Amino acid sequence: MLMRARDPRVNKQILAVLDQGEAIVENISTSGGFLKTEARFPRGESFNLNLKVMGRKTIRMVCESQRCNDSGVGFKILQFKNSKEDLFNQYVEQQFESLKQFGDSRVFTTEIMITLKDTNVFGNVYFSNFIEFQGVIREKFLLATVPDLHDLLTRTSIRLVTVDTYNKFISNAFFGDVIQVELTTSAIKAASCKLNIVFKNKNTGELIGKGYQTFCVVKANGKVIRLPDELLGPLDFYQEVAS
């Protein structure tokens with residue numbers, strides 16, 4: 001008997017809402033996936049599953065349990081409810097395209113070299129510079145992940161405005177150190193997104209600090225607008241969902 005090849009799956013954590021509460025989808029394809037949950041669905045039992053994708057879209061579907069263990073539930077998709085199946089298929093396809101563009105890691109990583117101007121009289125990095133570094137990291141992230149960023153900013157006259165920022169200082173960095181910076185996204189909403197930023201000493205791996213920055217998008221007249229689709233793709237790719 002010929003076995004049907006399983007559709008390729010995207011390894012990505014996505015917030016899911018069940019009748020029993022919230023859970024996490026750990027991987028997904030156009031035919032099914034794996035749900036990390038304490039809820040138990042015996043093989044063959046159907047259940048409703050709402051997926052939160054791209055920060056502002058909800059895809060409602062009816063699923064059927066294929067296997068259930070202590071880790072969660074493997075399921076197949078039976079039908080979509082009040083949602084367009086094409087939207088979900090496009091989302092999955094977009095994830096595969098993003099994997100080709102960004103690679104397997106869902107953590108954006110870059111580096112900063114500490115220069116003399118970054119330090120104070122005691123030789124360590126001045127505390128306010130870490131907030132400045134956050135802005136640098138945001139720009140490096142967008143330049144690396146948003147195609148034609150310059151054209152987007154010029155054509156639309158939009159601006160990114162920092163709404164909130166925070167950094168916790170854990171250890172010092174000094175002149176000549178190379179800081180490895182790791183960035184993920186969370187709390188993606190219609191017009192804003194949170195960037196989670198971790199600073200590490202590249203040579204030692206020591207944690208230097210961590211924090212976040214929340215930004216929104218505004219037009220030239222200062223009016224807050226929805227996040228452009230050009231930004232939503234990479235923001236969603238690097239989204240970190242709390243397990």
# chains A, B, ... in the order shown; residues from 1 in each chain; ligands from 1
call {"tool": "residues_around", "arguments": {"residues": "A:Asn69", "least_positions_apart": "2", "cutoff": "12 Å", "atoms": "only C-alpha atoms", "output": "list in words"}}
result
Phe34, Leu35, Lys36, Thr37, Glu38, Ala39, Arg40, Phe41, Pro42, Arg43, Ser65, Gln66, Arg67, Ser71, Gly72, Val73, Gly74 and Phe75 of chain A
call {"tool": "write_last_selection", "arguments": {"atoms": "N, CA and C atoms", "output": "PDB file, in the first residue's frame"}}
result
ATOM      1  N   PHE A  34       1.266  19.949  15.275  1.00  0.00           N
ATOM      2  CA  PHE A  34       1.389  19.432  16.633  1.00  0.00           C
ATOM      3  C   PHE A  34       1.090  20.549  17.615  1.00  0.00           C
ATOM      4  N   LEU A  35       0.203  20.260  18.566  1.00  0.00           N
ATOM      5  CA  LEU A  35      -0.259  21.233  19.540  1.00  0.00           C
ATOM      6  C   LEU A  35       0.283  20.879  20.916  1.00  0.00           C
ATOM      7  N   LYS A  36       1.044  21.803  21.509  1.00  0.00           N
ATOM      8  CA  LYS A  36       1.560  21.604  22.855  1.00  0.00           C
ATOM      9  C   LYS A  36       0.508  22.066  23.849  1.00  0.00           C
ATOM     10  N   THR A  37      -0.102  21.132  24.552  1.00  0.00           N
ATOM     11  CA  THR A  37      -1.192  21.458  25.466  1.00  0.00           C
ATOM     12  C   THR A  37      -1.362  20.356  26.506  1.00  0.00           C
ATOM     13  N   GLU A  38      -1.892  20.730  27.662  1.00  0.00           N
ATOM     14  CA  GLU A  38      -2.209  19.742  28.691  1.00  0.00           C
ATOM     15  C   GLU A  38      -3.587  19.139  28.478  1.00  0.00           C
ATOM     16  N   ALA A  39      -4.381  19.735  27.609  1.00  0.00           N
ATOM     17  CA  ALA A  39      -5.704  19.181  27.297  1.00  0.00           C
ATOM     18  C   ALA A  39      -5.535  17.839  26.588  1.00  0.00           C
ATOM     19  N   ARG A  40      -6.467  16.945  26.796  1.00  0.00           N
ATOM     20  CA  ARG A  40      -6.387  15.609  26.217  1.00  0.00           C
ATOM     21  C   ARG A  40      -7.496  15.407  25.187  1.00  0.00           C
ATOM     22  N   PHE A  41      -7.089  15.028  23.977  1.00  0.00           N
ATOM     23  CA  PHE A  41      -8.038  14.747  22.916  1.00  0.00           C
ATOM     24  C   PHE A  41      -7.747  13.343  22.389  1.00  0.00           C
ATOM     25  N   PRO A  42      -8.545  12.342  22.761  1.00  0.00           N
ATOM     26  CA  PRO A  42      -8.329  10.971  22.278  1.00  0.00           C
ATOM     27  C   PRO A  42      -8.343  10.927  20.751  1.00  0.00           C
ATOM     28  N   ARG A  43      -7.648   9.978  20.193  1.00  0.00           N
ATOM     29  CA  ARG A  43      -7.559   9.825  18.737  1.00  0.00           C
ATOM     30  C   ARG A  43      -8.954   9.817  18.130  1.00  0.00           C
ATOM     31  N   SER A  65      -7.855  14.942  16.391  1.00  0.00           N
ATOM     32  CA  SER A  65      -6.683  14.373  17.039  1.00  0.00           C
ATOM     33  C   SER A  65      -6.225  13.108  16.315  1.00  0.00           C
ATOM     34  N   GLN A  66      -4.920  13.033  16.034  1.00  0.00           N
ATOM     35  CA  GLN A  66      -4.330  11.856  15.411  1.00  0.00           C
ATOM     36  C   GLN A  66      -3.539  11.020  16.407  1.00  0.00           C
ATOM     37  N   ARG A  67      -2.967  11.700  17.399  1.00  0.00           N
ATOM     38  CA  ARG A  67      -2.253  11.030  18.482  1.00  0.00           C
ATOM     39  C   ARG A  67      -2.188  11.992  19.661  1.00  0.00           C
ATOM     40  N   SER A  71       3.163  15.172  25.806  1.00  0.00           N
ATOM     41  CA  SER A  71       3.713  16.382  25.187  1.00  0.00           C
ATOM     42  C   SER A  71       2.643  17.237  24.518  1.00  0.00           C
ATOM     43  N   GLY A  72       1.584  16.572  24.045  1.00  0.00           N
ATOM     44  CA  GLY A  72       0.542  17.330  23.367  1.00  0.00           C
ATOM     45  C   GLY A  72      -0.239  16.474  22.401  1.00  0.00           C
ATOM     46  N   VAL A  73      -0.738  17.111  21.344  1.00  0.00           N
ATOM     47  CA  VAL A  73      -1.651  16.447  20.416  1.00  0.00           C
ATOM     48  C   VAL A  73      -1.205  16.672  18.982  1.00  0.00           C
ATOM     49  N   GLY A  74      -1.039  15.588  18.237  1.00  0.00           N
ATOM     50  CA  GLY A  74      -0.846  15.694  16.799  1.00  0.00           C
ATOM     51  C   GLY A  74      -2.211  15.730  16.144  1.00  0.00           C
ATOM     52  N   PHE A  75      -2.429  16.638  15.224  1.00  0.00           N
ATOM     53  CA  PHE A  75      -3.772  16.804  14.672  1.00  0.00           C
ATOM     54  C   PHE A  75      -3.747  16.994  13.162  1.00  0.00           C
TER      55      PHE A  75
END
call {"tool": "residues_around", "arguments": {"residues": "stretch 88-97 of chain A", "least_positions_apart": "3", "cutoff": "9 Å", "atoms": "only C-alpha atoms", "output": "list in words"}}
result
Arg9, Val10, Lys12, Ile28, Ser29, Thr30, Val53, Met54, Ile59, Ser83, Lys84, Glu85, Lys100, Gln101, Phe102, Gly233 and Phe237 of chain A
call {"tool": "write_last_selection", "arguments": {"atoms": "N, CA and C atoms", "output": "CSV table (one decimal), in the first residue's frame"}}
result
chain,number,residue,atom,x,y,z
A,9,ARG,N,6.4,20.5,7.1
A,9,ARG,CA,5.9,21.4,8.2
A,9,ARG,C,6.9,22.5,8.5
A,10,VAL,N,6.3,23.5,9.0
A,10,VAL,CA,7.0,24.7,9.4
A,10,VAL,C,7.2,24.6,10.9
A,12,LYS,N,7.5,26.3,14.0
A,12,LYS,CA,7.3,27.6,14.5
A,12,LYS,C,6.3,27.6,15.6
A,28,ILE,N,3.4,23.3,12.0
A,28,ILE,CA,2.2,23.4,11.3
A,28,ILE,C,2.4,23.1,9.8
A,29,SER,N,1.5,22.5,9.1
A,29,SER,CA,1.5,22.4,7.7
A,29,SER,C,0.1,22.7,7.2
A,30,THR,N,-0.2,22.6,5.9
A,30,THR,CA,-1.5,22.9,5.3
A,30,THR,C,-2.5,21.8,5.7
A,53,VAL,N,-2.1,34.5,13.9
A,53,VAL,CA,-1.0,34.7,13.0
A,53,VAL,C,-0.8,36.1,12.6
A,54,MET,N,0.4,36.5,12.3
A,54,MET,CA,0.8,37.8,11.8
A,54,MET,C,0.3,38.9,12.8
A,59,ILE,N,-7.2,32.6,12.4
A,59,ILE,CA,-7.7,31.6,11.5
A,59,ILE,C,-8.4,30.5,12.4
A,83,SER,N,-13.2,31.5,8.0
A,83,SER,CA,-11.9,31.9,7.6
A,83,SER,C,-11.7,31.4,6.1
A,84,LYS,N,-10.8,32.1,5.4
A,84,LYS,CA,-10.4,31.7,4.1
A,84,LYS,C,-9.2,30.7,4.1
A,85,GLU,N,-9.5,29.5,3.6
A,85,GLU,CA,-8.4,28.5,3.6
A,85,GLU,C,-7.2,29.1,2.8
A,100,LYS,N,13.8,30.3,3.6
A,100,LYS,CA,14.8,30.4,2.5
A,100,LYS,C,15.6,31.7,2.7
A,101,GLN,N,14.9,32.8,3.0
A,101,GLN,CA,15.5,34.1,3.1
A,101,GLN,C,16.3,34.3,4.4
A,102,PHE,N,15.8,33.9,5.5
A,102,PHE,CA,16.4,34.2,6.8
A,102,PHE,C,17.1,33.0,7.5
A,233,GLY,N,5.9,40.6,7.8
A,233,GLY,CA,6.6,39.3,7.4
A,233,GLY,C,7.7,38.9,8.4
A,237,PHE,N,8.1,36.3,11.6
A,237,PHE,CA,9.0,35.2,11.5
A,237,PHE,C,9.8,35.1,12.8
call {"tool": "select_by_dssp", "arguments": {"residues": "stretch 101-180 of chain A", "states": "alpha helix (DSSP H)", "output": "count of residues only"}}
result
28
call {"tool": "residues_around", "arguments": {"residues": "A:Asn203", "least_positions_apart": "3", "cutoff": "10 Å", "atoms": "only C-alpha atoms", "output": "count of residues only"}}
result
6
call {"tool": "atom_distance", "arguments": {"atom1": "atom CA of A:His150", "atom2": "atom CA of A:Glu230"}}
result
11.8 Å
call {"tool": "closest_residue", "arguments": {"among": "A:Val218, A:Asp70, A:Gln13, A:Leu78", "to": "A:Thr156", "atoms": "only C-alpha atoms"}}
result
A:Val218
